[in-house]
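Note: the block below is model-v3.txt and it holds compact mmCIF, C-alpha atoms.
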# COMPACT_ATOMS: atom_id res chain seq x y z
CA MET A 1 49.58 105.85 96.15
CA GLY A 2 46.28 104.21 96.99
CA VAL A 3 47.30 101.22 94.90
CA ILE A 4 50.42 100.69 96.99
CA VAL A 5 48.47 100.90 100.26
CA GLY A 6 45.88 98.50 98.84
CA VAL A 7 48.61 96.06 97.86
CA PHE A 8 50.09 96.25 101.38
CA VAL A 9 46.72 95.43 102.98
CA PHE A 10 46.01 92.68 100.46
CA LEU A 11 49.40 91.06 100.98
CA ILE A 12 49.07 91.15 104.76
CA ALA A 13 45.76 89.29 104.41
CA LEU A 14 47.36 86.95 101.90
CA GLY A 15 50.23 86.28 104.32
CA THR A 16 47.73 85.33 106.97
CA VAL A 17 46.14 82.82 104.62
CA ILE A 18 49.53 81.42 103.67
CA SER A 19 50.49 80.97 107.32
CA LEU A 20 47.22 79.13 107.94
CA VAL A 21 47.80 76.84 104.98
CA GLU A 22 51.43 76.05 105.81
CA LYS A 23 51.08 75.07 109.45
CA GLY A 24 53.28 72.01 109.06
CA ALA A 25 56.78 73.38 109.69
CA GLN A 26 57.59 75.80 112.50
CA GLY A 27 58.57 79.20 111.11
CA ALA A 28 58.25 78.16 107.48
CA SER A 29 55.65 80.79 106.73
CA SER A 30 57.73 83.62 108.16
CA ARG A 31 60.71 82.54 106.08
CA LEU A 32 58.43 82.37 103.06
CA LEU A 33 57.13 85.93 103.42
CA ARG A 34 60.29 87.77 104.48
CA PRO A 35 61.60 88.57 100.97
CA TYR A 36 58.20 89.79 99.83
CA ILE A 37 57.69 92.03 102.84
CA GLY A 38 61.13 93.46 102.11
CA LEU A 39 60.18 94.13 98.49
CA LEU A 40 56.98 95.86 99.59
CA LEU A 41 58.97 98.02 102.00
CA ILE A 42 61.31 98.92 99.15
CA ALA A 43 58.28 99.91 97.05
CA GLY A 44 57.09 102.11 99.91
CA LEU A 45 60.54 103.67 100.18
CA ILE A 46 60.60 104.43 96.46
CA ALA A 47 57.13 106.00 96.69
CA GLY A 48 58.25 108.08 99.68
CA MET A 49 61.30 109.27 97.79
CA GLY A 50 58.97 110.26 94.95
CA LEU A 51 56.88 112.33 97.35
CA VAL A 52 59.93 114.08 98.77
CA LEU A 53 61.51 114.75 95.39
CA GLY A 54 58.13 115.81 94.00
CA THR A 55 58.10 118.72 96.41
CA MET A 56 61.46 119.89 95.09
CA PHE A 57 61.24 119.11 91.36
CA ARG A 58 58.27 119.01 88.99
CA GLY A 59 57.37 115.76 87.25
CA VAL A 60 59.88 113.57 89.07
CA GLU A 61 57.39 111.89 91.39
CA ASP A 62 55.55 110.26 88.48
CA TYR A 63 58.59 108.18 87.57
CA PHE A 64 59.12 107.07 91.16
CA PHE A 65 55.45 106.11 91.51
CA ILE A 66 55.59 104.06 88.31
CA VAL A 67 58.61 102.14 89.62
CA ALA A 68 57.02 101.68 93.08
CA LYS A 69 53.80 100.38 91.54
CA GLY A 70 55.77 98.01 89.32
CA VAL A 71 57.68 96.58 92.29
CA ALA A 72 54.47 96.24 94.33
CA VAL A 73 52.59 94.52 91.50
CA PHE A 74 55.48 92.14 90.81
CA THR A 75 55.65 91.25 94.49
CA GLY A 76 51.90 90.71 94.66
CA VAL A 77 51.95 88.40 91.64
CA VAL A 78 54.80 86.32 93.06
CA VAL A 79 53.10 86.03 96.47
CA CYS A 80 49.87 84.95 94.77
CA LEU A 81 51.75 82.29 92.82
CA LYS A 82 53.36 81.06 96.05
CA LEU A 83 49.93 80.89 97.68
CA ILE A 84 48.47 78.95 94.75
CA THR A 85 51.41 76.54 94.89
CA ALA A 86 51.06 76.04 98.65
CA ILE A 87 47.33 75.40 98.42
CA ALA A 88 47.77 73.06 95.45
CA LYS A 89 50.42 71.05 97.30
CA ARG A 90 48.17 70.82 100.32
CA LEU A 91 45.11 69.72 98.34
CA PHE A 92 46.54 67.54 95.60
CA VAL A 93 49.70 65.94 97.00
CA ALA A 94 49.16 62.99 99.29
CA ASP A 95 51.23 62.89 102.48

Since I need it in another form, could you write the structure as structure tokens?
Amino acid sequence: MGVIVGVFVFLIALGTVISLVEKGAQGASSRLLRPYIGLLLIAGLIAGMGLVLGTMFRGVEDYFFIVAKGVAVFTGVVVCLKLITAIAKRLFVAD
């Protein structure tokens, strides 16, 4: 569970950096981050379902946490790749 919270905090900080890098177009950064914030909320929902079902059934929460961690890690990797792409375009492509 701590991993998911850590990923949330890291991605919020990463979103701030992305919005600073992509100042050019109005609202471009918010459109860029919306799908990833949605995926992180889905990961949180899956983890919450694991907590609730873990109180009713034994061993079920582990499977939900594995799926939630997988979704959170996938989202983090994709956001990092987007950030690397945005910074590379800003640094290496002439206007």

(message) Rounded to one decimal, what separation in Å do you get between CA of Lys69 (chain A) and CA of Gly44 (chain A)?
(response) 9.2 Å

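Candidate residues A:Val77, A:Ala43, A:Ile87, A:Val93 were compared for distance to Leu11 (chain A), and the nearest is A:Val77, using only C-alpha atoms.
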
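Between CA of Phe65 (chain A) and CA of Ala47 (chain A) the separation is 5.4 Å.
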
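Distances to Phe74 (chain A) were evaluated for A:Leu41, A:Arg58, A:Tyr36, A:Phe92 using all atoms listed in the file, and the minimum falls at A:Tyr36.
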
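Nearest-residue note for Val60 (chain A): choosing from A:Leu40, A:Val7, A:Ile46, A:Ile12, the minimum distance belongs to A:Ile46, counting all atoms listed in the file.
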
(message) Using all atoms listed in the file, can you tell me which of A:Gly76, A:Gly59, A:Pro35, A:Gly48 comes closest to Ala13 (chain A)?
(response) A:Gly76

(message) Restricting the calculation to only C-alpha atoms: of A:Val79, A:Leu45, A:Thr85, A:Arg90, which residue gets closest to Gly15 (chain A)?
(response) A:Val79

(request) Could you jot down the CA of Val73 (chain A) to CA of Phe57 (chain A) separation for me, Å, one decimal place? (result) 26.1 Å

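Of the residues under consideration (A:Phe10, A:Leu33, A:Leu53, A:Gly38), A:Leu33 shows the shortest atom-to-atom contact distance to Lys82 (chain A) when counting all atoms listed in the file.
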
If I only have part of region 40-64 of chain A, can you fill in N, CA, C and O atoms and write it as a CSV table (one decimal), in the coordinates of the input?
chain,number,residue,atom,x,y,z
A,40,LEU,N,58.0,94.9,99.4
A,40,LEU,CA,57.0,95.9,99.6
A,40,LEU,C,57.5,97.1,100.3
A,40,LEU,O,57.1,98.2,100.1
A,41,LEU,N,58.4,96.9,101.3
A,41,LEU,CA,59.0,98.0,102.0
A,41,LEU,C,59.8,98.9,101.1
A,41,LEU,O,59.9,100.1,101.2
A,42,ILE,N,60.5,98.2,100.1
A,42,ILE,CA,61.3,98.9,99.2
A,42,ILE,C,60.4,99.7,98.2
A,42,ILE,O,60.7,100.9,97.9
A,43,ALA,N,59.2,99.2,97.9
A,43,ALA,CA,58.3,99.9,97.0
A,43,ALA,C,57.8,101.1,97.8
A,43,ALA,O,57.6,102.2,97.2
A,44,GLY,N,57.5,101.0,99.1
A,44,GLY,CA,57.1,102.1,99.9
A,44,GLY,C,58.2,103.2,100.0
A,44,GLY,O,57.9,104.4,100.0
A,45,LEU,N,59.4,102.7,100.1
A,45,LEU,CA,60.5,103.7,100.2
A,45,LEU,C,60.7,104.4,98.9
A,45,LEU,O,60.9,105.7,98.9
A,46,ILE,N,60.5,103.8,97.8
A,46,ILE,CA,60.6,104.4,96.5
A,46,ILE,C,59.5,105.4,96.3
A,46,ILE,O,59.7,106.6,95.8
A,47,ALA,N,58.3,105.1,96.8
A,47,ALA,CA,57.1,106.0,96.7
A,47,ALA,C,57.4,107.2,97.6
A,47,ALA,O,57.1,108.3,97.2
A,48,GLY,N,57.9,107.0,98.8
A,48,GLY,CA,58.2,108.1,99.7
A,48,GLY,C,59.3,109.0,99.1
A,48,GLY,O,59.2,110.2,99.2
A,49,MET,N,60.3,108.4,98.4
A,49,MET,CA,61.3,109.3,97.8
A,49,MET,C,60.7,110.1,96.7
A,49,MET,O,61.0,111.3,96.5
A,50,GLY,N,59.7,109.5,96.0
A,50,GLY,CA,59.0,110.3,95.0
A,50,GLY,C,58.2,111.4,95.5
A,50,GLY,O,58.2,112.5,94.9
A,51,LEU,N,57.6,111.2,96.7
A,51,LEU,CA,56.9,112.3,97.4
A,51,LEU,C,57.8,113.4,97.7
A,51,LEU,O,57.5,114.6,97.5
A,52,VAL,N,59.0,113.1,98.3
A,52,VAL,CA,59.9,114.1,98.8
A,52,VAL,C,60.5,114.8,97.6
A,52,VAL,O,60.6,116.1,97.6
A,53,LEU,N,60.9,114.1,96.6
A,53,LEU,CA,61.5,114.8,95.4
A,53,LEU,C,60.5,115.5,94.6
A,53,LEU,O,60.8,116.5,93.9
A,54,GLY,N,59.2,115.1,94.7
A,54,GLY,CA,58.1,115.8,94.0
A,54,GLY,C,57.9,117.2,94.6
A,54,GLY,O,57.4,118.1,93.9
A,55,THR,N,58.2,117.4,95.8
A,55,THR,CA,58.1,118.7,96.4
A,55,THR,C,59.2,119.6,95.9
A,55,THR,O,59.1,120.9,95.9
A,56,MET,N,60.3,119.1,95.5
A,56,MET,CA,61.5,119.9,95.1
A,56,MET,C,61.5,120.1,93.6
A,56,MET,O,61.9,121.2,93.1
A,57,PHE,N,61.2,119.1,92.8
A,57,PHE,CA,61.2,119.1,91.4
A,57,PHE,C,59.9,118.7,90.8
A,57,PHE,O,59.2,117.8,91.3
A,58,ARG,N,59.5,119.3,89.7
A,58,ARG,CA,58.3,119.0,89.0
A,58,ARG,C,58.4,117.8,88.1
A,58,ARG,O,59.4,117.6,87.4
A,59,GLY,N,57.4,116.9,88.2
A,59,GLY,CA,57.4,115.8,87.2
A,59,GLY,C,58.2,114.6,87.6
A,59,GLY,O,58.2,113.5,87.0
A,60,VAL,N,59.0,114.7,88.7
A,60,VAL,CA,59.9,113.6,89.1
A,60,VAL,C,59.1,112.5,89.8
A,60,VAL,O,59.4,111.3,89.6
A,61,GLU,N,58.1,112.9,90.6
A,61,GLU,CA,57.4,111.9,91.4
A,61,GLU,C,56.7,110.8,90.5
A,61,GLU,O,56.5,109.7,91.0
A,62,ASP,N,56.2,111.2,89.3
A,62,ASP,CA,55.6,110.3,88.5
A,62,ASP,C,56.4,109.1,88.2
A,62,ASP,O,55.9,107.9,88.2
A,63,TYR,N,57.7,109.3,87.9
A,63,TYR,CA,58.6,108.2,87.6
A,63,TYR,C,58.8,107.3,88.8
A,63,TYR,O,58.8,106.0,88.7
A,64,PHE,N,58.9,107.9,90.0
A,64,PHE,CA,59.1,107.1,91.2
A,64,PHE,C,57.9,106.3,91.5
A,64,PHE,O,58.0,105.1,91.9
